[in-house]
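Engineer: Following this message is one structure expressed as structure tokens.
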Amino acid sequence: MNTQPPAVRPGRPTISDVARVAGVSKATVSRFFNHRERLLSPDIAARVEAAIAELGYVPSPMAQALSHGRSRLIGLIVADITNPFSVAVLRGAEKACKDAGYLVMLFNIGNEAGREREAIDALAGYQVDGFILNTLGRGTGVVEAIAAHGKPAVLVDRRHDGLEADFVSIDNRGAMAEACSHLIDGGWRELLYVTEPQQGVSTRRERAAAFRDCMEAHAQASPRVRGEVFEMAEGDDEGLRDALRGLRKRARAPRRAAVVAGNSVVTLRVAQAVRQLGWEFGEELGFIGFDEPEWASLVGPGLSTLAQPTDELGRAAATCLIERMQGLEGPARELLLPGTLVVRGSSAA
């Protein structure tokens with residue numbers, strides 16, 4: 001009589017292979033991984049352990065997690081993976097997730113609002129435990145998709161109308177107030193806030209509104225302080241140059257006109273326009289920009305910036321989400337982190 005266990009098929013060993021070699025059921029092997037001390041006799045546990053060693057079997061973390069109703073996966077959806085801000089936030093979120101025993105699955109929608117729901121549905125298909133959303137904030141069906149899948153979500157940087165979820169962002173009002181006060185205290189009197197199109201993007205609207213409020217408050221103290229908002233159309237470089245010329249004309253004196261840029265994309269466009277106009281930052285034009293691109297210190301006398309705490313934003317978003325996944329209830333929370341003003345030659349007094 002042949003007492004040898006059935007042959008193990010080629011390839012990566014499975015839990016079925018372990019069961020055959022040990023001469024037990026698959027359920028017994030599962031118990032070995034989950035409740036060895038309570039449910040298995042020492043003899044059976046030893047046989048299963050020997051079979052695992054013989055085969056070099058490694059249990060699938062995904063399969064183990066799903067057996068407990070959790071995948072240990074977090075879905076992160078970003079509007080544009082080429083945006084340095086999104087990449088930096090992703091790094092922070094990934095670190096926090098790793099520390100808590102989770103992996104991050106990334107979906108880049110490429111600035112296409114119609115793909116937000118597609119991204120949610122796709123990641124839900126991988127049984128993610130929750131979502132971190134750094135999206136455009138105007139896609140259709142997102143609220144319904146989140147509700148349908150029954151998974152918690154956290155918003156980073158951009159709100160989404162109708163979605164009641166924890167929200168993590170820089171304190172836009174506080175950061176804008178610091179930027180404007182720094183310029184005005186340095187003698188710049190005519191300010192221009194340059195932003196990408198505001199429609200449907202909450203961060204852009206909030207910063208533009210904060211700029212107007214700052215200008216109104218400072219104008220009450222000094223009638224010589226004025227400010228306007230310029231919405232920069234995609235590809236309209238001449239329109240941007242005209243706006244900068246108009247700013248200088250309104251200022252009527254050197255070193256009185258300054259720009260506040262809404263993000264690093266705007267900062268680059270303004271830097272290109274200033275070069276084309278033959279001006280110098282800190283001389284013909286003062287400047288502060290939101291975000292801290294790596295090249296900011298290399299342009300002219302150095303560009304002053306409002307650096308966002310990207311690592312902390314990512315970590316905070318992941319922490320909020322993990323707390324929700326672990327059962328935290330209550331109304332949606334809002335966590336606003338301060339920015340850091342980095343002063344260089346472009347805004348020197």
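Here, A, B, ... name the chains of the structure tokens in the order displayed, residue numbers run from 1 inside each chain, and ligands are numbered from 1 in the same displayed order.
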Going by DSSP on the backbone, which residues of segment 240-280 of chain A come out as alpha helix (DSSP H)? List them as a list of chain:residue names.
Structural biologist: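 In segment 240-280 of chain A, DSSP puts these residues in alpha helix (DSSP H): A:Leu240, A:Arg241, A:Asp242, A:Ala243, A:Leu244, A:Arg245, A:Gly246, A:Leu247, A:Arg248, A:Lys249, A:Arg250, A:Ala251, A:Ser264, A:Val265, A:Val266, A:Thr267, A:Leu268, A:Arg269, A:Val270, A:Ala271, A:Gln272, A:Ala273, A:Val274, A:Arg275, A:Gln276, A:Leu277.
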Engineer: Selected residues, C-alpha atoms, written as an mmCIF file, in the first residue's frame, please.
Structural biologist:
```cif
data_model
loop_
_atom_site.group_PDB
_atom_site.id
_atom_site.type_symbol
_atom_site.label_atom_id
_atom_site.label_comp_id
_atom_site.auth_asym_id
_atom_site.auth_seq_id
_atom_site.Cartn_x
_atom_site.Cartn_y
_atom_site.Cartn_z
ATOM 1 C CA LEU A 240 -0.713 86.934 -18.632
ATOM 2 C CA ARG A 241 1.910 89.378 -19.892
ATOM 3 C CA ASP A 242 -0.806 92.010 -20.430
ATOM 4 C CA ALA A 243 -2.017 91.482 -16.858
ATOM 5 C CA LEU A 244 1.512 92.002 -15.538
ATOM 6 C CA ARG A 245 1.964 95.148 -17.645
ATOM 7 C CA GLY A 246 -1.328 96.493 -16.301
ATOM 8 C CA LEU A 247 -0.187 95.736 -12.754
ATOM 9 C CA ARG A 248 3.029 97.740 -13.247
ATOM 10 C CA LYS A 249 1.095 100.618 -14.815
ATOM 11 C CA ARG A 250 -1.305 100.791 -11.865
ATOM 12 C CA ALA A 251 1.590 100.748 -9.400
ATOM 13 C CA SER A 264 3.655 76.018 -8.702
ATOM 14 C CA VAL A 265 2.113 75.812 -12.189
ATOM 15 C CA VAL A 266 1.257 79.516 -12.028
ATOM 16 C CA THR A 267 4.669 80.296 -10.558
ATOM 17 C CA LEU A 268 6.376 78.774 -13.601
ATOM 18 C CA ARG A 269 4.123 80.672 -16.022
ATOM 19 C CA VAL A 270 4.782 83.969 -14.222
ATOM 20 C CA ALA A 271 8.540 83.322 -14.196
ATOM 21 C CA GLN A 272 8.453 82.733 -17.966
ATOM 22 C CA ALA A 273 6.427 85.913 -18.528
ATOM 23 C CA VAL A 274 8.782 88.023 -16.397
ATOM 24 C CA ARG A 275 11.756 86.764 -18.360
ATOM 25 C CA GLN A 276 10.019 87.555 -21.666
ATOM 26 C CA LEU A 277 9.254 91.081 -20.415
#
```
Engineer: Can you list, as a list in words, every residue of segment 75-125 of chain A that DSSP puts in strand (DSSP E or B)?
Structural biologist: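 So, restricting segment 75-125 of chain A to strand (DSSP E or B), we get Gly75, Leu76, Ile77, Val78, Leu103, Val104, Met105, Leu106, Phe107 and Asn108 of chain A.
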Engineer: Store the residues picked out above, limited to N, CA, C and O atoms, as a compact mmCIF listing (two decimals), in the first residue's frame.
Structural biologist:
```txt
# COMPACT_ATOMS: atom_id res chain seq x y z
N GLY A 75 -6.94 52.80 -1.24
CA GLY A 75 -6.94 53.36 -2.58
C GLY A 75 -6.69 54.86 -2.53
O GLY A 75 -7.38 55.58 -1.80
N LEU A 76 -5.70 55.32 -3.29
CA LEU A 76 -5.40 56.75 -3.36
C LEU A 76 -5.61 57.22 -4.79
O LEU A 76 -4.98 56.71 -5.72
N ILE A 77 -6.51 58.17 -4.98
CA ILE A 77 -6.85 58.67 -6.30
C ILE A 77 -6.36 60.12 -6.41
O ILE A 77 -6.71 60.95 -5.57
N VAL A 78 -5.52 60.40 -7.42
CA VAL A 78 -4.98 61.75 -7.60
C VAL A 78 -5.41 62.31 -8.94
O VAL A 78 -5.60 61.57 -9.91
N LEU A 103 -1.01 48.84 2.55
CA LEU A 103 -0.40 49.16 1.27
C LEU A 103 -1.30 50.15 0.52
O LEU A 103 -2.52 50.15 0.71
N VAL A 104 -0.69 50.97 -0.34
CA VAL A 104 -1.43 51.97 -1.10
C VAL A 104 -1.53 51.55 -2.56
O VAL A 104 -0.54 51.14 -3.16
N MET A 105 -2.73 51.62 -3.11
CA MET A 105 -2.95 51.42 -4.54
C MET A 105 -3.29 52.77 -5.15
O MET A 105 -4.22 53.45 -4.69
N LEU A 106 -2.55 53.17 -6.19
CA LEU A 106 -2.69 54.50 -6.78
C LEU A 106 -3.47 54.44 -8.09
O LEU A 106 -3.25 53.56 -8.91
N PHE A 107 -4.37 55.42 -8.27
CA PHE A 107 -5.08 55.59 -9.54
C PHE A 107 -4.95 57.04 -9.94
O PHE A 107 -5.38 57.94 -9.21
N ASN A 108 -4.35 57.32 -11.10
CA ASN A 108 -4.19 58.67 -11.62
C ASN A 108 -5.27 58.93 -12.67
O ASN A 108 -5.34 58.23 -13.68
```
Engineer: Quick one: residues within 12 Å of Leu298 of chain A, only C-alpha atoms, excluding same-chain residues fewer than 5 positions away - as a short mmCIF file (atom, residue, chain, number, x, y, z; two decimals) with N, CA, C and O atoms, in the first residue's frame?
Structural biologist:
```
data_model
loop_
_atom_site.label_atom_id
_atom_site.label_comp_id
_atom_site.auth_asym_id
_atom_site.auth_seq_id
_atom_site.Cartn_x
_atom_site.Cartn_y
_atom_site.Cartn_z
N ALA A 271 7.09 83.20 -14.02
CA ALA A 271 8.54 83.32 -14.20
C ALA A 271 8.90 83.43 -15.68
O ALA A 271 9.77 84.22 -16.08
N PHE A 281 12.75 89.91 -10.84
CA PHE A 281 12.01 89.74 -9.59
C PHE A 281 12.74 90.52 -8.49
O PHE A 281 13.96 90.55 -8.42
N GLU A 292 6.38 75.04 -2.99
CA GLU A 292 7.82 75.24 -2.93
C GLU A 292 8.51 74.34 -3.94
O GLU A 292 9.03 73.27 -3.60
N PRO A 293 8.50 74.73 -5.24
CA PRO A 293 9.18 73.91 -6.24
C PRO A 293 10.68 73.90 -5.99
O PRO A 293 11.25 74.86 -5.45
N LEU A 303 12.87 82.93 -5.54
CA LEU A 303 11.45 83.22 -5.41
C LEU A 303 10.94 82.87 -4.02
O LEU A 303 11.14 81.75 -3.54
N SER A 304 10.30 83.83 -3.39
CA SER A 304 9.66 83.58 -2.09
C SER A 304 8.45 82.67 -2.29
O SER A 304 7.74 82.79 -3.29
N ARG A 344 12.69 84.87 0.10
CA ARG A 344 13.89 85.02 -0.72
C ARG A 344 13.87 86.42 -1.35
O ARG A 344 13.04 87.25 -1.00
N GLY A 345 14.74 86.63 -2.31
CA GLY A 345 14.94 87.98 -2.84
C GLY A 345 13.75 88.57 -3.56
O GLY A 345 13.63 89.79 -3.67
N SER A 346 12.82 87.75 -4.08
CA SER A 346 11.73 88.28 -4.87
C SER A 346 10.75 89.14 -4.06
O SER A 346 9.98 89.90 -4.64
#
```
Engineer: Which residues are close to Ala253 of chain A, i.e. within 12 Å by only C-alpha atoms, leaving aside same-chain residues fewer than 4 positions away? Reply as number ranges by chain.
Structural biologist: A: 187-190, 247-249, 257-258, 283-285
Engineer: Considering only C-alpha atoms, can you say which of A:Leu336, A:Ala348, A:Ile109, A:Ala261 comes closest to Asp185 of chain A?
Structural biologist: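 Among the listed residues, A:Ala348 lies closest to Asp185 of chain A.
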Engineer: In terms of the shortest atom-to-atom distance over only C-alpha atoms, which of A:Ala113, A:Val29, A:Ile74, A:Val194 is closest to Gly101 of chain A?
Structural biologist: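 Smallest distance to Gly101 of chain A is found for A:Ile74.
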Engineer: Between A:His149, A:Arg138, A:Arg224, A:Arg204, which residue has the minimum interatomic distance to Gly162 of chain A, considering only C-alpha atoms?
Structural biologist: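 Closest to Gly162 of chain A of all the choices is A:Arg138.
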Engineer: Give me the residues near Lys151 of chain A as a list in words, where near means some atom within 9 Å (using only C-alpha atoms) and where sequence neighbours in that chain fewer than 3 positions away do not count.
Structural biologist: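 These residues fall inside the cut-off: Ala124, Val128, Asp129, Gly130, Phe131, Ile146, Ala147, Ala148 and Met325 of chain A.
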Engineer: For Thr195 of chain A, which residue among A:Phe230, A:Tyr57, A:Phe167, A:Phe33 is the nearest when counting only C-alpha atoms?
Structural biologist: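 Smallest distance to Thr195 of chain A is found for A:Phe230.
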